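Report on one structure; see the data block that follows.
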Amino acid sequence: MFDEAQLYSPVTTGADGDVTVHLSDEHPGVHDPEYRARRNAIAARALAYRPGDPAPRIDYTDDEQEVWRIVSAELRRKHRTYASHEVLDGERRLDLPADRIPQLDEVSAKLVPLSGFRYVPAAGLVPLREFFGSFAERIFHSTQYIRHHSAPLYTPEPDAVHEIIGHANQLASPRFAALYAAAGAAVARLETDAALKFLADVFWFSMEFGVVREGNEIRCYGAGLLSSYGEIEEFRRAELRPLHIVEMGTRTYDITHYQPVLYCAASVSEIEDVVGGFFEMVTDEVVAPYLGGAVADRRG
Ligand SMILES: [Fe+2]
């Protein structure tokens with residue numbers, strides 16, 4: 001068994017129906033009652049969502065919009081230097097607003113014609129099987145809250161910036177979207193949690209933290225790097241290793257620090273061949289010989 005990590009702030013519903021998001025003591029918004037109430041309200045909207053409903057429309061505050069404008073401008077600038085051209089092409093086609101936070105239905109309306117992916121709301125952590133499994137239906141569970149305005153370039157948990165600027169820009173590429181869908185289809189074949197965790201970790205070291213060689217440069221395509229103001233520059237200091245499915249599926253890692261080891265593909269085609277090829281054929285039996293060693297504990 002593995003621990004489904006408190007990278008996301010836990011969300012609970014009390015006997016009275018009140019929804020509470022439990023921020024960690026180090027969270028920049030933990031001592032801001034207004035922010036905490038806001039987080040609770042946004043989580044409650046996601047929990048009330050039923051498939052087929054429109055995604056909740058969040059009336060974002062001026063502070064929240066300002067955070068988006070700051071992060072969006074900084075990341076857009078950094079993407080030009082550090083993001084893979086496959087992502088940059090998707091980003092141009094998707095054309096997300098930089099001056100305000102897009103609503104999830106707006107993200108879906110832009111993504112569906114590009115790659116068929118739709119965004120649905122998540123209050124916080126979605127169980128791995130549901131999160132990855134829904135990729136088969138080209139559904140992406142996304143949080144809607146945004147980081148605290150006191151620290152616009154930092155967040156201890158995935159927020160709308162990560163889900164949209166990181167994942168949606170990546171999902172605008174039909175090639176990357178096909179890899180998500182293949183991972184989703186694989187989930188239906190995996191019965192054990194250990195095999196599912198192996199797949200999640202391969203995903204982590206590719207679609208979340210993957211880098212790719214382009215000419216003489218190393219550029220990132222992973223959503224975790226694309227949405228991190230600091231790590232998008234620091235990844236060039238990481239130890240780069242060639243794609244290796246067993247290493248990626250069993251390596252321990254710590255989400256709270258920059259990744260010291262990253263897996264670098266020779267090209268997008270190599271990601272498709274190696275990572276996509278693994279998603280296409282993985283079963284419990286395929287990964288069984290490699291399990292029982294290292295156990296990682298986070299997903300992003
Ligand atoms: Fe992510």
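Chain identifiers are assigned as A, B, and so on, following the order in which chains appear in the structure tokens; residues are numbered from 1 within each chain, and ligands are numbered from 1 in order of appearance.
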Could you give me, as a list in words, the residues within 7 Å of region 124-132 of chain A, counting only C-alpha atoms and dropping anything in the same chain fewer than 3 positions from it?
Tyr8, Ser9, Pro10, Val11, Phe135, His141, Thr143, Ala183, Gly184 and Val187 of chain A
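Backbone DSSP of region 177-266 of chain A yields strand (DSSP E) at Val211, Val212, Arg213, Glu214, Glu217, Ile218, Arg219, Cys220, Glu239, Leu240, Arg241, Pro242, Val261, Leu262, Tyr263, Cys264 and Ala265 of chain A.
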Would you mind exporting N, CA, C and O atoms of the selected residues as a short mmCIF file (atom, residue, chain, number, x, y, z; two decimals), in the first residue's frame?
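So result20.cif came out as:
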data_model
loop_
_atom_site.label_atom_id
_atom_site.label_comp_id
_atom_site.auth_asym_id
_atom_site.auth_seq_id
_atom_site.Cartn_x
_atom_site.Cartn_y
_atom_site.Cartn_z
N VAL A 211 11.65 16.17 -19.07
CA VAL A 211 12.36 17.13 -19.92
C VAL A 211 12.76 16.41 -21.21
O VAL A 211 12.81 15.18 -21.26
N VAL A 212 13.03 17.21 -22.23
CA VAL A 212 13.29 16.62 -23.54
C VAL A 212 14.39 17.42 -24.23
O VAL A 212 14.47 18.65 -24.09
N ARG A 213 15.24 16.71 -24.95
CA ARG A 213 16.32 17.37 -25.68
C ARG A 213 15.77 17.95 -26.98
O ARG A 213 15.04 17.29 -27.70
N GLU A 214 16.10 19.21 -27.22
CA GLU A 214 15.71 19.84 -28.48
C GLU A 214 16.94 20.56 -29.02
O GLU A 214 17.34 21.59 -28.50
N GLU A 217 19.58 22.07 -26.63
CA GLU A 217 18.95 22.51 -25.38
C GLU A 217 18.16 21.40 -24.71
O GLU A 217 17.73 20.45 -25.38
N ILE A 218 17.98 21.57 -23.41
CA ILE A 218 17.06 20.70 -22.69
C ILE A 218 15.86 21.57 -22.34
O ILE A 218 16.02 22.64 -21.73
N ARG A 219 14.69 21.14 -22.74
CA ARG A 219 13.48 21.91 -22.44
C ARG A 219 12.48 21.04 -21.69
O ARG A 219 12.56 19.82 -21.74
N CYS A 220 11.56 21.66 -20.97
CA CYS A 220 10.65 20.86 -20.14
C CYS A 220 9.30 20.71 -20.81
O CYS A 220 8.83 21.60 -21.53
N GLU A 239 20.35 16.23 -12.24
CA GLU A 239 21.05 15.14 -12.94
C GLU A 239 20.06 14.58 -13.95
O GLU A 239 18.95 14.20 -13.60
N LEU A 240 20.46 14.54 -15.21
CA LEU A 240 19.55 14.06 -16.25
C LEU A 240 19.91 12.63 -16.60
O LEU A 240 21.07 12.31 -16.85
N ARG A 241 18.89 11.80 -16.64
CA ARG A 241 19.10 10.40 -17.01
C ARG A 241 18.23 10.06 -18.22
O ARG A 241 17.17 10.67 -18.40
N PRO A 242 18.65 9.08 -19.00
CA PRO A 242 17.79 8.66 -20.11
C PRO A 242 16.51 8.01 -19.58
O PRO A 242 16.49 7.52 -18.44
N VAL A 261 16.91 14.46 -9.69
CA VAL A 261 17.12 13.58 -10.85
C VAL A 261 15.89 13.70 -11.75
O VAL A 261 14.76 13.58 -11.29
N LEU A 262 16.15 13.98 -13.03
CA LEU A 262 15.04 14.04 -13.98
C LEU A 262 15.35 13.13 -15.15
O LEU A 262 16.53 12.82 -15.42
N TYR A 263 14.32 12.72 -15.84
CA TYR A 263 14.50 11.81 -16.98
C TYR A 263 14.30 12.60 -18.27
O TYR A 263 13.26 13.24 -18.46
N CYS A 264 15.32 12.53 -19.08
CA CYS A 264 15.36 13.36 -20.30
C CYS A 264 15.18 12.49 -21.54
O CYS A 264 15.98 11.58 -21.78
N ALA A 265 14.15 12.80 -22.31
CA ALA A 265 13.91 12.06 -23.54
C ALA A 265 14.73 12.69 -24.67
O ALA A 265 15.01 13.89 -24.65
#
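The nearest approach to ligand 1 among the residues A:Ser227, A:Thr192, A:Thr256, A:Ser269, with only C-alpha atoms and all ligand atoms taken into account, belongs to A:Ser227.
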If we count only C-alpha atoms, what is near Gln259 (chain A) at a cut-off of 10 Å, once residues fewer than 4 positions away on the same chain are taken out, given as JSON, numbers by chain?
{"A": [205, 209, 225, 231, 234, 235, 237, 238, 239, 253, 254, 255]}
inquiry  = Just list as a PyMOL selection string whatever in region 124-284 of chain A DSSP marks as helix (DSSP H, G or I).
reply    = chain A and resi 128-137+160-171+174-187+193-208+223-226+231-237+245-250+268-281+284
Restricted to C-alpha atoms, what would the selected residues look like written as an mmCIF file, in the first residue's frame?
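Result saved to part00.cif:
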data_model
loop_
_atom_site.group_PDB
_atom_site.id
_atom_site.type_symbol
_atom_site.label_atom_id
_atom_site.label_comp_id
_atom_site.auth_asym_id
_atom_site.auth_seq_id
_atom_site.Cartn_x
_atom_site.Cartn_y
_atom_site.Cartn_z
ATOM 1 C CA LEU A 128 -5.224 7.806 -7.943
ATOM 2 C CA ARG A 129 -7.487 5.289 -9.631
ATOM 3 C CA GLU A 130 -10.130 7.895 -10.351
ATOM 4 C CA PHE A 131 -7.664 10.649 -11.257
ATOM 5 C CA PHE A 132 -5.661 8.580 -13.741
ATOM 6 C CA GLY A 133 -8.553 6.351 -14.822
ATOM 7 C CA SER A 134 -10.593 9.336 -15.988
ATOM 8 C CA PHE A 135 -7.897 10.172 -18.540
ATOM 9 C CA ALA A 136 -9.309 7.292 -20.589
ATOM 10 C CA GLU A 137 -12.486 9.376 -21.007
ATOM 11 C CA ALA A 160 -5.428 26.425 -10.620
ATOM 12 C CA VAL A 161 -2.084 27.711 -11.890
ATOM 13 C CA HIS A 162 -0.649 24.197 -11.877
ATOM 14 C CA GLU A 163 -3.764 22.547 -13.274
ATOM 15 C CA ILE A 164 -4.335 25.059 -16.046
ATOM 16 C CA ILE A 165 -1.012 26.695 -16.948
ATOM 17 C CA GLY A 166 0.801 23.391 -16.368
ATOM 18 C CA HIS A 167 -1.595 20.653 -17.467
ATOM 19 C CA ALA A 168 -3.933 22.414 -19.910
ATOM 20 C CA ASN A 169 -1.077 23.837 -21.966
ATOM 21 C CA GLN A 170 0.394 20.332 -22.122
ATOM 22 C CA LEU A 171 -2.991 18.766 -22.928
ATOM 23 C CA PRO A 174 -2.707 15.981 -29.170
ATOM 24 C CA ARG A 175 0.493 13.942 -28.771
ATOM 25 C CA PHE A 176 0.714 14.538 -25.025
ATOM 26 C CA ALA A 177 -3.066 14.161 -24.641
ATOM 27 C CA ALA A 178 -2.794 10.715 -26.279
ATOM 28 C CA LEU A 179 -0.239 9.727 -23.621
ATOM 29 C CA TYR A 180 -2.658 10.739 -20.860
ATOM 30 C CA ALA A 181 -5.409 8.704 -22.533
ATOM 31 C CA ALA A 182 -3.103 5.682 -22.776
ATOM 32 C CA ALA A 183 -2.263 5.994 -19.067
ATOM 33 C CA GLY A 184 -5.997 6.143 -18.352
ATOM 34 C CA ALA A 185 -6.719 3.036 -20.410
ATOM 35 C CA ALA A 186 -3.943 1.202 -18.538
ATOM 36 C CA VAL A 187 -5.598 1.888 -15.177
ATOM 37 C CA ASP A 193 -2.529 -0.530 -5.849
ATOM 38 C CA ALA A 194 1.200 -1.201 -6.157
ATOM 39 C CA ALA A 195 0.989 -1.476 -9.944
ATOM 40 C CA LEU A 196 -1.157 1.642 -10.063
ATOM 41 C CA LYS A 197 1.453 3.477 -8.000
ATOM 42 C CA PHE A 198 4.163 2.310 -10.395
ATOM 43 C CA LEU A 199 2.202 3.785 -13.294
ATOM 44 C CA ALA A 200 1.605 7.019 -11.340
ATOM 45 C CA ASP A 201 5.344 7.334 -10.734
ATOM 46 C CA VAL A 202 6.219 6.790 -14.391
ATOM 47 C CA PHE A 203 3.657 9.502 -15.115
ATOM 48 C CA TRP A 204 5.270 11.705 -12.457
ATOM 49 C CA PHE A 205 8.724 11.466 -14.016
ATOM 50 C CA SER A 206 7.346 12.076 -17.507
ATOM 51 C CA MET A 207 4.154 14.100 -17.752
ATOM 52 C CA GLU A 208 4.784 15.988 -14.478
ATOM 53 C CA ALA A 223 3.267 20.096 -16.008
ATOM 54 C CA GLY A 224 5.010 20.344 -12.623
ATOM 55 C CA LEU A 225 7.951 22.136 -14.205
ATOM 56 C CA LEU A 226 5.806 24.244 -16.527
ATOM 57 C CA GLU A 231 11.893 24.894 -10.699
ATOM 58 C CA ILE A 232 11.466 25.718 -14.376
ATOM 59 C CA GLU A 233 14.900 27.343 -14.229
ATOM 60 C CA GLU A 234 16.510 25.026 -11.728
ATOM 61 C CA PHE A 235 15.771 21.861 -13.686
ATOM 62 C CA ARG A 236 18.847 22.479 -15.772
ATOM 63 C CA ARG A 237 20.934 21.769 -12.685
ATOM 64 C CA ILE A 245 10.702 2.819 -17.006
ATOM 65 C CA VAL A 246 11.750 0.650 -14.054
ATOM 66 C CA GLU A 247 13.800 3.440 -12.491
ATOM 67 C CA MET A 248 10.988 5.940 -13.033
ATOM 68 C CA GLY A 249 8.392 3.592 -11.582
ATOM 69 C CA THR A 250 10.359 2.728 -8.452
ATOM 70 C CA VAL A 268 8.877 13.701 -28.175
ATOM 71 C CA SER A 269 8.822 10.546 -30.299
ATOM 72 C CA GLU A 270 10.957 8.812 -27.701
ATOM 73 C CA ILE A 271 8.473 9.808 -24.975
ATOM 74 C CA GLU A 272 5.738 8.272 -27.111
ATOM 75 C CA ASP A 273 7.741 5.112 -27.759
ATOM 76 C CA VAL A 274 9.056 4.486 -24.255
ATOM 77 C CA VAL A 275 6.471 6.047 -21.905
ATOM 78 C CA GLY A 276 3.530 5.609 -24.288
ATOM 79 C CA GLY A 277 4.687 2.080 -25.081
ATOM 80 C CA PHE A 278 4.721 1.295 -21.359
ATOM 81 C CA PHE A 279 1.214 2.693 -20.848
ATOM 82 C CA GLU A 280 0.004 0.584 -23.786
ATOM 83 C CA MET A 281 1.283 -2.720 -22.425
ATOM 84 C CA ASP A 284 0.026 -6.144 -12.940
#
**Study point:** Pro54 (chain A) environment, 8 Å, only C-alpha atoms, sequence neighbours closer than 2 positions dropped, as a PyMOL selection string
**Key:** chain A and resi 52+56+105
Output of the above residues as a PDB file, in the first residue's frame, restricted to N, CA, C and O atoms:
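Output file selection-v2.pdb follows:
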ATOM      1  N   GLY A  52     -21.866  15.831 -15.518  1.00  0.00           N
ATOM      2  CA  GLY A  52     -22.926  16.333 -16.409  1.00  0.00           C
ATOM      3  C   GLY A  52     -23.320  17.763 -16.079  1.00  0.00           C
ATOM      4  O   GLY A  52     -23.828  18.483 -16.939  1.00  0.00           O
ATOM      5  N   PRO A  56     -18.540  24.422 -11.561  1.00  0.00           N
ATOM      6  CA  PRO A  56     -18.877  25.638 -10.793  1.00  0.00           C
ATOM      7  C   PRO A  56     -18.162  26.856 -11.372  1.00  0.00           C
ATOM      8  O   PRO A  56     -16.991  26.766 -11.710  1.00  0.00           O
ATOM      9  N   ASP A 105     -15.042  25.470 -17.450  1.00  0.00           N
ATOM     10  CA  ASP A 105     -15.789  25.189 -18.683  1.00  0.00           C
ATOM     11  C   ASP A 105     -15.190  25.920 -19.883  1.00  0.00           C
ATOM     12  O   ASP A 105     -15.300  25.464 -21.024  1.00  0.00           O
TER      13      ASP A 105
END
For ligand 1, the closest of A:Tyr221, A:Tyr229, A:Ser142, A:Ile58 counting only C-alpha atoms and all ligand atoms is A:Ser142
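Using only C-alpha atoms, the residues found no farther than 9 Å from Leu114 (chain A), other than those of its own chain fewer than 2 positions away, are Gly90, Arg93, Leu94, Lys110, Leu111, Val112, Gly116, Phe117, Leu171, Ala172, Ser173 and Pro174 of chain A.
Using only C-alpha atoms and all ligand atoms for every distance, the candidate list A:Arg50, A:Ala188, A:Arg138, A:Glu157 yields A:Glu157 as the residue closest to ligand 1.
The shell of residues at most 12 Å from Val19 (chain A), with only C-alpha atoms counted and near chain neighbours (fewer than 3 positions) removed, consists of Pro10, Val11, Thr12, Thr13, Gly14, Ala15, Asp16, His22, Arg36, Ala37, Arg38, Arg39, Asn40, Ala41, Ile42, Ala43, Ala44, Arg45, Ala46, Leu47, Ala48, Ala123 and Gly124 of chain A.
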Would you save the residues of that selection, restricted to N, CA and C atoms, as a compact mmCIF listing (two decimals), in the first residue's frame?
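Contents of result37.txt, as written:
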# COMPACT_ATOMS: atom_id res chain seq x y z
N PRO A 10 -5.94 18.40 2.93
CA PRO A 10 -7.11 17.53 3.14
C PRO A 10 -8.41 18.35 3.23
N VAL A 11 -9.47 17.75 2.75
CA VAL A 11 -10.79 18.40 2.78
C VAL A 11 -11.73 17.47 3.54
N THR A 12 -12.44 18.01 4.53
CA THR A 12 -13.40 17.18 5.27
C THR A 12 -14.78 17.85 5.26
N THR A 13 -15.79 17.02 5.43
CA THR A 13 -17.16 17.53 5.56
C THR A 13 -17.66 17.14 6.94
N GLY A 14 -18.07 18.12 7.73
CA GLY A 14 -18.55 17.86 9.09
C GLY A 14 -19.97 17.32 9.09
N ALA A 15 -20.42 16.91 10.29
CA ALA A 15 -21.77 16.37 10.43
C ALA A 15 -22.81 17.39 10.01
N ASP A 16 -22.48 18.67 10.19
CA ASP A 16 -23.41 19.74 9.81
C ASP A 16 -23.33 20.09 8.31
N HIS A 22 -8.08 21.80 5.22
CA HIS A 22 -7.11 21.87 6.31
C HIS A 22 -5.74 22.27 5.76
N ARG A 36 -9.12 31.37 4.16
CA ARG A 36 -9.56 30.03 4.58
C ARG A 36 -11.04 29.83 4.28
N ALA A 37 -11.83 30.86 4.52
CA ALA A 37 -13.27 30.75 4.23
C ALA A 37 -13.48 30.56 2.73
N ARG A 38 -12.66 31.27 1.97
CA ARG A 38 -12.73 31.18 0.51
C ARG A 38 -12.41 29.76 0.04
N ARG A 39 -11.37 29.19 0.61
CA ARG A 39 -10.97 27.83 0.24
C ARG A 39 -12.08 26.83 0.58
N ASN A 40 -12.69 27.03 1.76
CA ASN A 40 -13.78 26.13 2.15
C ASN A 40 -14.95 26.24 1.16
N ALA A 41 -15.26 27.47 0.77
CA ALA A 41 -16.41 27.69 -0.13
C ALA A 41 -16.14 27.07 -1.51
N ILE A 42 -14.91 27.22 -2.02
CA ILE A 42 -14.58 26.68 -3.35
C ILE A 42 -14.60 25.15 -3.30
N ALA A 43 -14.08 24.59 -2.21
CA ALA A 43 -14.08 23.12 -2.07
C ALA A 43 -15.51 22.59 -2.00
N ALA A 44 -16.38 23.32 -1.29
CA ALA A 44 -17.78 22.88 -1.16
C ALA A 44 -18.46 22.85 -2.53
N ARG A 45 -18.15 23.82 -3.38
CA ARG A 45 -18.73 23.84 -4.74
C ARG A 45 -18.28 22.60 -5.52
N ALA A 46 -17.00 22.24 -5.40
CA ALA A 46 -16.48 21.07 -6.13
C ALA A 46 -17.14 19.79 -5.61
N LEU A 47 -17.31 19.70 -4.29
CA LEU A 47 -17.92 18.48 -3.72
C LEU A 47 -19.38 18.34 -4.14
N ALA A 48 -20.03 19.46 -4.38
CA ALA A 48 -21.45 19.42 -4.78
C ALA A 48 -21.61 19.11 -6.27
N ALA A 123 -12.11 19.00 -5.36
CA ALA A 123 -11.98 19.77 -4.11
C ALA A 123 -10.54 19.74 -3.62
N GLY A 124 -9.85 18.64 -3.91
CA GLY A 124 -8.47 18.48 -3.46
C GLY A 124 -7.95 17.21 -4.09
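With only C-alpha atoms and all ligand atoms as the atoms that count, the residue of A:Ser72, A:Tyr49, A:Asp25, A:Gly210 with the shortest distance to ligand 1 is A:Gly210.
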One decimal place gives the CA of Pro121 (chain A)-CA of Ala55 (chain A) separation as 6.3 Å
For Ala98 (chain A): contacts at 12 Å, only C-alpha atoms, fewer than 3 positions along chain excluded, given as an mmCIF file with C-alpha atoms, in the first residue's frame:
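What landed in selection.cif:
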data_model
loop_
_atom_site.group_PDB
_atom_site.id
_atom_site.type_symbol
_atom_site.label_atom_id
_atom_site.label_comp_id
_atom_site.auth_asym_id
_atom_site.auth_seq_id
_atom_site.Cartn_x
_atom_site.Cartn_y
_atom_site.Cartn_z
ATOM 1 C CA GLN A 65 -7.070 37.682 -10.372
ATOM 2 C CA GLU A 66 -3.968 39.677 -9.544
ATOM 3 C CA VAL A 67 -2.150 36.476 -8.508
ATOM 4 C CA TRP A 68 -3.069 34.917 -11.853
ATOM 5 C CA ARG A 69 -1.865 37.966 -13.792
ATOM 6 C CA ILE A 70 1.501 37.944 -12.000
ATOM 7 C CA VAL A 71 2.142 34.203 -12.320
ATOM 8 C CA SER A 72 0.795 34.013 -15.841
ATOM 9 C CA ALA A 73 3.088 36.781 -17.082
ATOM 10 C CA GLU A 74 6.149 35.291 -15.365
ATOM 11 C CA LEU A 75 5.495 31.759 -16.577
ATOM 12 C CA ARG A 76 4.670 32.858 -20.100
ATOM 13 C CA ARG A 77 8.035 34.620 -20.259
ATOM 14 C CA GLU A 91 0.010 27.009 -25.683
ATOM 15 C CA LEU A 94 -5.004 27.106 -26.515
ATOM 16 C CA ASP A 95 -4.477 30.823 -25.960
ATOM 17 C CA ILE A 101 -8.417 33.124 -14.297
ATOM 18 C CA PRO A 102 -10.335 31.085 -16.879
ATOM 19 C CA VAL A 161 -2.084 27.711 -11.890
ATOM 20 C CA ILE A 164 -4.335 25.059 -16.046
ATOM 21 C CA ILE A 165 -1.012 26.695 -16.948
#
As a check of understanding: the span from CA of His79 (chain A) to CA of Arg118 (chain A) is 23.3 Å
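Nearest to ligand 1 of all the residues A:Pro260, A:Asn216, A:Arg57, A:Gly222 is A:Gly222, based on only C-alpha atoms and all ligand atoms.
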